[in-house]
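K.L.:
So here's work-v4.cif (mmCIF, C-alpha atoms).
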data_query
loop_
_atom_site.label_atom_id
_atom_site.label_comp_id
_atom_site.auth_asym_id
_atom_site.auth_seq_id
_atom_site.Cartn_x
_atom_site.Cartn_y
_atom_site.Cartn_z
CA MET Q 1 14.46 -4.84 6.07
CA TYR Q 2 17.06 -6.18 3.69
CA LYS Q 3 17.20 -9.91 3.17
CA ARG Q 4 18.76 -12.46 0.87
CA VAL Q 5 16.21 -14.77 -0.72
CA THR Q 6 16.27 -17.61 -3.22
CA LEU Q 7 13.87 -17.05 -6.12
CA THR Q 8 12.92 -18.70 -9.41
CA ASP Q 9 12.07 -16.80 -12.58
CA THR Q 10 12.12 -17.23 -16.34
CA VAL Q 11 14.45 -15.30 -18.64
CA GLU Q 12 14.23 -14.85 -22.38
CA VAL Q 13 17.47 -15.43 -24.27
CA PRO Q 14 17.32 -13.92 -27.77
CA PRO Q 15 18.79 -15.90 -30.72
CA PRO Q 16 22.11 -13.97 -30.99
CA LEU Q 17 22.97 -14.92 -27.39
CA LEU Q 18 22.01 -18.61 -27.53
CA ASP Q 19 25.57 -19.80 -28.15
CA SER Q 20 26.75 -18.20 -24.89
CA VAL Q 21 24.11 -19.24 -22.31
CA SER Q 22 25.89 -19.17 -18.97
CA ALA Q 23 25.28 -18.18 -15.35
CA GLY Q 24 26.81 -14.78 -16.12
CA LEU Q 25 24.50 -14.15 -19.07
CA VAL Q 26 21.41 -15.31 -17.18
CA LYS Q 27 22.40 -13.18 -14.17
CA GLY Q 28 22.66 -10.10 -16.41
CA LEU Q 29 19.26 -10.80 -17.99
CA LEU Q 30 17.69 -11.32 -14.54
CA GLN Q 31 19.25 -8.06 -13.32
CA ASP Q 32 17.80 -6.16 -16.28
CA LYS Q 33 14.39 -7.74 -15.76
CA LEU Q 34 14.02 -7.66 -11.96
CA GLU Q 35 16.19 -5.07 -10.26
CA GLY Q 36 14.07 -2.16 -9.11
CA GLN Q 37 10.85 -4.16 -9.44
CA MET Q 38 8.47 -4.47 -6.51
CA ASP Q 39 6.77 -7.70 -5.45
CA GLU Q 40 4.22 -7.91 -2.63
CA GLU Q 41 5.79 -11.13 -1.28
CA VAL Q 42 9.52 -10.31 -1.34
CA GLY Q 43 9.56 -6.50 -1.58
CA SER Q 44 11.81 -4.56 -3.92
CA VAL Q 45 14.55 -6.51 -5.71
CA VAL Q 46 17.75 -4.59 -5.04
CA SER Q 47 20.25 -6.95 -6.66
CA VAL Q 48 20.48 -10.38 -8.28
CA VAL Q 49 23.64 -11.85 -6.73
CA ASP Q 50 24.08 -15.54 -7.63
CA VAL Q 51 22.56 -17.89 -10.20
CA HIS Q 52 22.39 -21.47 -8.84
CA ASP Q 53 20.61 -23.42 -11.54
CA ILE Q 54 19.57 -22.86 -15.14
CA GLY Q 55 16.88 -25.23 -16.37
CA GLU Q 56 16.36 -26.64 -19.83
CA GLY Q 57 15.51 -24.05 -22.45
CA ARG Q 58 12.06 -23.95 -24.04
CA VAL Q 59 10.91 -22.36 -27.26
CA LEU Q 60 7.42 -20.92 -27.02
CA PRO Q 61 5.68 -20.99 -30.41
CA GLY Q 62 3.63 -18.04 -31.54
CA ARG Q 63 5.42 -15.37 -29.50
CA ARG Q 64 5.20 -12.49 -31.97
CA GLY Q 65 8.36 -10.39 -31.94
CA HIS Q 66 10.26 -13.06 -29.98
CA GLU Q 67 10.78 -15.63 -32.74
CA GLY Q 68 13.69 -17.93 -31.98
CA SER Q 69 14.06 -16.86 -28.36
CA VAL Q 70 14.60 -19.59 -25.79
CA TYR Q 71 13.16 -19.30 -22.27
CA TYR Q 72 15.14 -20.63 -19.32
CA GLU Q 73 13.89 -21.05 -15.79
CA ALA Q 74 16.61 -20.05 -13.35
CA GLU Q 75 17.03 -20.34 -9.60
CA PHE Q 76 19.00 -17.49 -8.06
CA ASP Q 77 19.70 -15.47 -4.93
CA ALA Q 78 18.64 -11.85 -4.71
CA VAL Q 79 18.95 -9.12 -2.13
CA THR Q 80 15.55 -7.56 -1.47
CA PHE Q 81 14.21 -4.70 0.61
CA ASP Q 82 10.86 -5.46 2.22
CA PRO Q 83 9.60 -2.79 4.62
CA HIS Q 84 7.51 -4.25 7.44
CA MET Q 85 4.73 -2.55 9.37
CA GLN Q 86 5.98 -1.07 12.66
CA GLU Q 87 9.63 -1.54 11.62
CA VAL Q 88 11.97 1.24 12.76
CA VAL Q 89 14.06 2.52 9.85
CA ASP Q 90 16.81 5.06 9.37
CA GLY Q 91 16.77 7.20 6.26
CA GLU Q 92 17.66 10.51 4.73
CA VAL Q 93 15.30 13.34 3.85
CA VAL Q 94 15.29 13.56 0.05
CA GLU Q 95 12.54 16.13 -0.47
CA ILE Q 96 10.60 18.67 1.59
CA VAL Q 97 7.06 19.58 0.59
CA ASN Q 98 4.42 21.70 2.31
CA PHE Q 99 2.77 18.61 3.84
CA GLY Q 100 5.91 16.81 5.07
CA ALA Q 101 9.18 15.17 4.15
CA PHE Q 102 9.97 12.31 1.81
CA VAL Q 103 12.55 10.04 3.41
CA GLY Q 104 14.73 7.64 1.42
CA ILE Q 105 14.61 4.25 3.14
CA GLY Q 106 16.51 1.79 1.02
CA PRO Q 107 15.33 1.80 -2.59
CA VAL Q 108 11.98 3.46 -1.78
CA ASP Q 109 10.82 6.72 -0.24
CA GLY Q 110 8.44 7.01 2.69
CA LEU Q 111 6.32 10.02 3.60
CA LEU Q 112 6.85 11.59 7.00
CA HIS Q 113 3.72 13.76 7.16
CA VAL Q 114 4.18 17.09 8.93
CA SER Q 115 1.71 15.94 11.61
CA GLN Q 116 3.93 12.91 12.32
CA ILE Q 117 7.22 14.78 12.80
CA SER Q 118 6.72 16.80 15.96
CA ASP Q 119 4.09 18.04 18.41
CA GLU Q 120 5.16 21.56 17.47
CA TYR Q 121 3.78 23.35 14.41
CA LEU Q 122 6.28 23.10 11.55
CA ALA Q 123 6.12 25.77 8.85
CA HIS Q 124 7.19 24.99 5.28
CA ASP Q 125 10.19 27.04 4.17
CA ALA Q 126 10.24 26.37 0.40
CA GLU Q 127 13.20 28.67 -0.26
CA ASN Q 128 15.49 26.72 2.10
CA GLN Q 129 13.86 23.29 1.52
CA ARG Q 130 13.04 22.72 5.18
CA LEU Q 131 10.32 22.52 7.77
CA ALA Q 132 10.92 24.82 10.75
CA SER Q 133 9.45 25.22 14.23
CA ARG Q 134 9.02 28.73 15.59
CA GLU Q 135 8.83 27.40 19.17
CA SER Q 136 12.13 25.53 19.48
CA ASN Q 137 14.01 26.63 16.32
CA GLN Q 138 14.24 22.97 15.25
CA THR Q 139 14.41 22.39 11.50
CA LEU Q 140 14.17 19.38 9.22
CA GLY Q 141 15.70 19.69 5.77
CA VAL Q 142 16.95 17.81 2.74
CA GLY Q 143 19.94 15.64 3.67
CA ASP Q 144 18.99 15.26 7.34
CA ALA Q 145 19.18 11.75 8.78
CA VAL Q 146 16.01 10.58 10.54
CA ARG Q 147 14.76 7.55 12.42
CA ALA Q 148 11.10 6.70 11.91
CA ARG Q 149 8.59 3.85 12.22
CA ILE Q 150 6.62 2.46 9.27
CA VAL Q 151 2.92 2.91 10.01
CA THR Q 152 1.28 2.40 6.60
CA LYS Q 153 2.26 0.43 3.53
CA SER Q 154 0.60 0.17 0.14
CA ILE Q 155 2.71 -1.63 -2.48
CA ASP Q 156 1.99 -1.16 -6.19
CA GLU Q 157 3.72 -4.02 -8.04
CA ARG Q 158 2.94 -2.67 -11.50
CA ASN Q 159 4.21 0.83 -10.75
CA PRO Q 160 6.71 0.63 -7.87
CA ARG Q 161 7.08 4.44 -7.87
CA ASP Q 162 3.39 4.64 -6.91
CA SER Q 163 3.92 2.53 -3.78
CA LYS Q 164 3.20 4.43 -0.59
CA ILE Q 165 4.92 4.05 2.77
CA GLY Q 166 3.80 6.21 5.68
CA LEU Q 167 6.17 7.03 8.52
CA THR Q 168 5.94 8.51 12.00
CA ALA Q 169 8.62 10.09 14.17
CA LYS Q 170 6.37 11.11 17.08
CA GLN Q 171 7.51 8.42 19.49
CA VAL Q 172 10.37 8.27 21.97
CA GLY Q 173 13.64 7.44 20.21
CA LEU Q 174 12.40 8.60 16.81
CA GLY Q 175 13.09 11.81 14.88
CA LYS Q 176 15.95 13.69 13.32
CA HIS Q 177 19.27 12.17 14.41
CA GLY Q 178 20.50 15.59 15.60
CA TRP Q 179 17.43 15.99 17.83
CA LEU Q 180 17.96 12.52 19.27
CA ARG Q 181 21.62 13.33 20.12
CA GLU Q 182 20.51 16.55 21.84
CA GLN Q 183 17.90 14.64 23.87
CA ARG Q 184 20.52 12.07 24.95
CA GLY Q 185 22.90 14.85 25.97
CA GLU Q 186 20.18 16.57 28.00
CA ALA Q 187 19.21 13.28 29.68
CA GLU Q 188 22.85 12.53 30.56
CA ALA Q 189 23.32 16.05 31.96
CA ALA Q 190 20.17 15.71 34.06
CA THR Q 191 21.33 12.43 35.60
CA GLY Q 192 24.91 13.64 36.09
CA GLU Q 193 26.50 10.97 33.90
#
As structure tokens, how would this structure be written, given the file I've shared?
P.N.:
Amino acid sequence: MYKRVTLTDTVEVPPPLLDSVSAGLVKGLLQDKLEGQMDEEVGSVVSVVDVHDIGEGRVLPGRRGHEGSVYYEAEFDAVTFDPHMQEVVDGEVVEIVNFGAFVGIGPVDGLLHVSQISDEYLAHDAENQRLASRESNQTLGVGDAVRARIVTKSIDERNPRDSKIGLTAKQVGLGKHGWLREQRGEAEAATGE
């Protein structure tokens, strides 16, 4: 889920930039520092959008390699992505592996394990980057849009790339968008609508 939140953080302004401390400069420093970072409380910071307040600067003595830098506490708005357990998300398959599909959901990827895609056996077709069913000829490949539910979540703040999100598509209304359209068409044909 994307949301806009108000946060507070400290930025380091190096000596050459001290004569131009402004909301624009602080915003740029916050963007460099925070965008792409993961936090257990707010999720992944997608974008720093507005700086509301810049506090008084402080010099911290004894900071080796940072001599003369001034530290400012700033209040700002950021857009974050925080996946919630049981949330239904739409994403795109970004990679197929022998054990499932990695699905891009916002700034992170979730794993749709092969056992959570379909009740049918899906074989890995490495050459064509897809998972394929021999029973129904359904395939799931890179670039396919899918709808899934978040069933597990393990966030690693220090190494956001190591965060793990588990997905399922084995419930009614979930799966590859093309399969869902086919199911709707069949249901409408069956009811005569």
K.L.:
What would the selection look like, as number ranges by chain, if the PyMOL selection byres ((chain Q and resi 97) around 12) were run on the coordinates I just shared?
P.N.:
Q: 93-96, 98-103, 111-114, 122-131, 140-142
K.L.:
Please determine, counting only C-alpha atoms, which residue among Q:Thr10, Q:Ile54, Q:Gly166, Q:Asp19 has the shortest atom-to-atom distance to Pro83 (chain Q).
P.N.:
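Closest residue, counting only C-alpha atoms: Q:Gly166.
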K.L.:
Show me a table, sorted first by chain and then by increasing residue number, of the residues of region 54-128 of chain Q having an atom at most 12 Å from region 26-38 of chain Q, each with its shortest atom pair and the distance in Å to one decimal, counting all atoms listed in the file and written as CSV.
P.N.:
residue,atom,partner,partner_atom,distance
Q:Ile54,CA,Q:Val26,CA,8.0
Q:Gly55,CA,Q:Val26,CA,10.9
Q:Gly57,CA,Q:Val26,CA,11.8
Q:Val70,CA,Q:Val26,CA,11.8
Q:Tyr71,CA,Q:Val26,CA,10.5
Q:Tyr72,CA,Q:Val26,CA,8.5
Q:Glu73,CA,Q:Val26,CA,9.6
Q:Ala74,CA,Q:Val26,CA,7.8
Q:Glu75,CA,Q:Lys27,CA,10.0
Q:Phe76,CA,Q:Lys27,CA,8.2
Q:Asp77,CA,Q:Lys27,CA,9.9
Q:Ala78,CA,Q:Glu35,CA,9.1
Q:Val79,CA,Q:Glu35,CA,9.5
Q:Thr80,CA,Q:Glu35,CA,9.2
Q:Phe81,CA,Q:Met38,CA,9.1
Q:Asp82,CA,Q:Met38,CA,9.1
Q:Pro83,CA,Q:Met38,CA,11.3
Q:Gly106,CA,Q:Gly36,CA,11.1
Q:Pro107,CA,Q:Gly36,CA,7.7
Q:Val108,CA,Q:Gly36,CA,9.5
K.L.:
May I ask for the distance between CA of Asp156 (chain Q) and CA of Asp144 (chain Q), given in Å to one decimal place?
P.N.:
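Computing the Euclidean distance for CA of Asp156 (chain Q) and CA of Asp144 (chain Q) yields 27.2 Å.
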K.L.:
Taking all atoms listed in the file into account, which of Q:Arg149, Q:Arg4, Q:Thr191, Q:Glu120 comes nearest Ala132 (chain Q)?
P.N.:
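Counting all atoms listed in the file, the residue closest to Ala132 (chain Q) is Q:Glu120.
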K.L.:
List the residues matched by the PyMOL selection byres ((chain Q and resi 154) around 10) in the displayed structure as number ranges by chain, ordered by chain and then by residue number.
P.N.:
Q: 40, 152-153, 155-157, 162-166
K.L.:
Between CA of Asp39 (chain Q) and CA of Val146 (chain Q), what distance in Å does the model show, to one decimal?
P.N.:
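Interatomic distance, CA of Asp39 (chain Q) to CA of Val146 (chain Q): 26.0 Å.
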K.L.:
Got a sec: who's within 10 Å of Leu25 (chain Q), counting all atoms listed in the file, leaving out chain neighbours fewer than 6 positions off, as a list in words?
P.N.:
Val13, Leu17, Leu18, Gln31 and Val51 of chain Q
K.L.:
Pull out every residue that the PyMOL selection byres ((chain Q and resi 145) around 8) matches in the shown coordinates and put them as a list of chain:residue names.
P.N.:
Q:Asp90, Q:Gly91, Q:Glu92, Q:Val93, Q:Gly143, Q:Asp144, Q:Val146, Q:Arg147, Q:Lys176, Q:His177, Q:Gly178
K.L.:
What gap, in Å, lies between CA of Leu167 (chain Q) and CA of Val89 (chain Q)?
P.N.:
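It comes out at 9.2 Å.
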K.L.:
Considering all atoms listed in the file, can you say which of Q:Arg134, Q:Arg184, Q:Lys3, Q:Arg158 comes closest to Val45 (chain Q)?
P.N.:
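Smallest distance to Val45 (chain Q) is found for Q:Lys3.
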K.L.:
From the options Q:Pro15, Q:Thr6, Q:Ser69, Q:Ser22, which residue's atoms come nearest to Val42 (chain Q), counting only C-alpha atoms?
P.N.:
Q:Thr6
K.L.:
Which residues are near Gln171 (chain Q)? Cut-off 12 Å, all atoms listed in the file, ignore same chain within fewer than 4 positions. Put them as a PyMOL selection string.
P.N.:
chain Q and resi 86+88+116-119+147-151+167+175-176+180
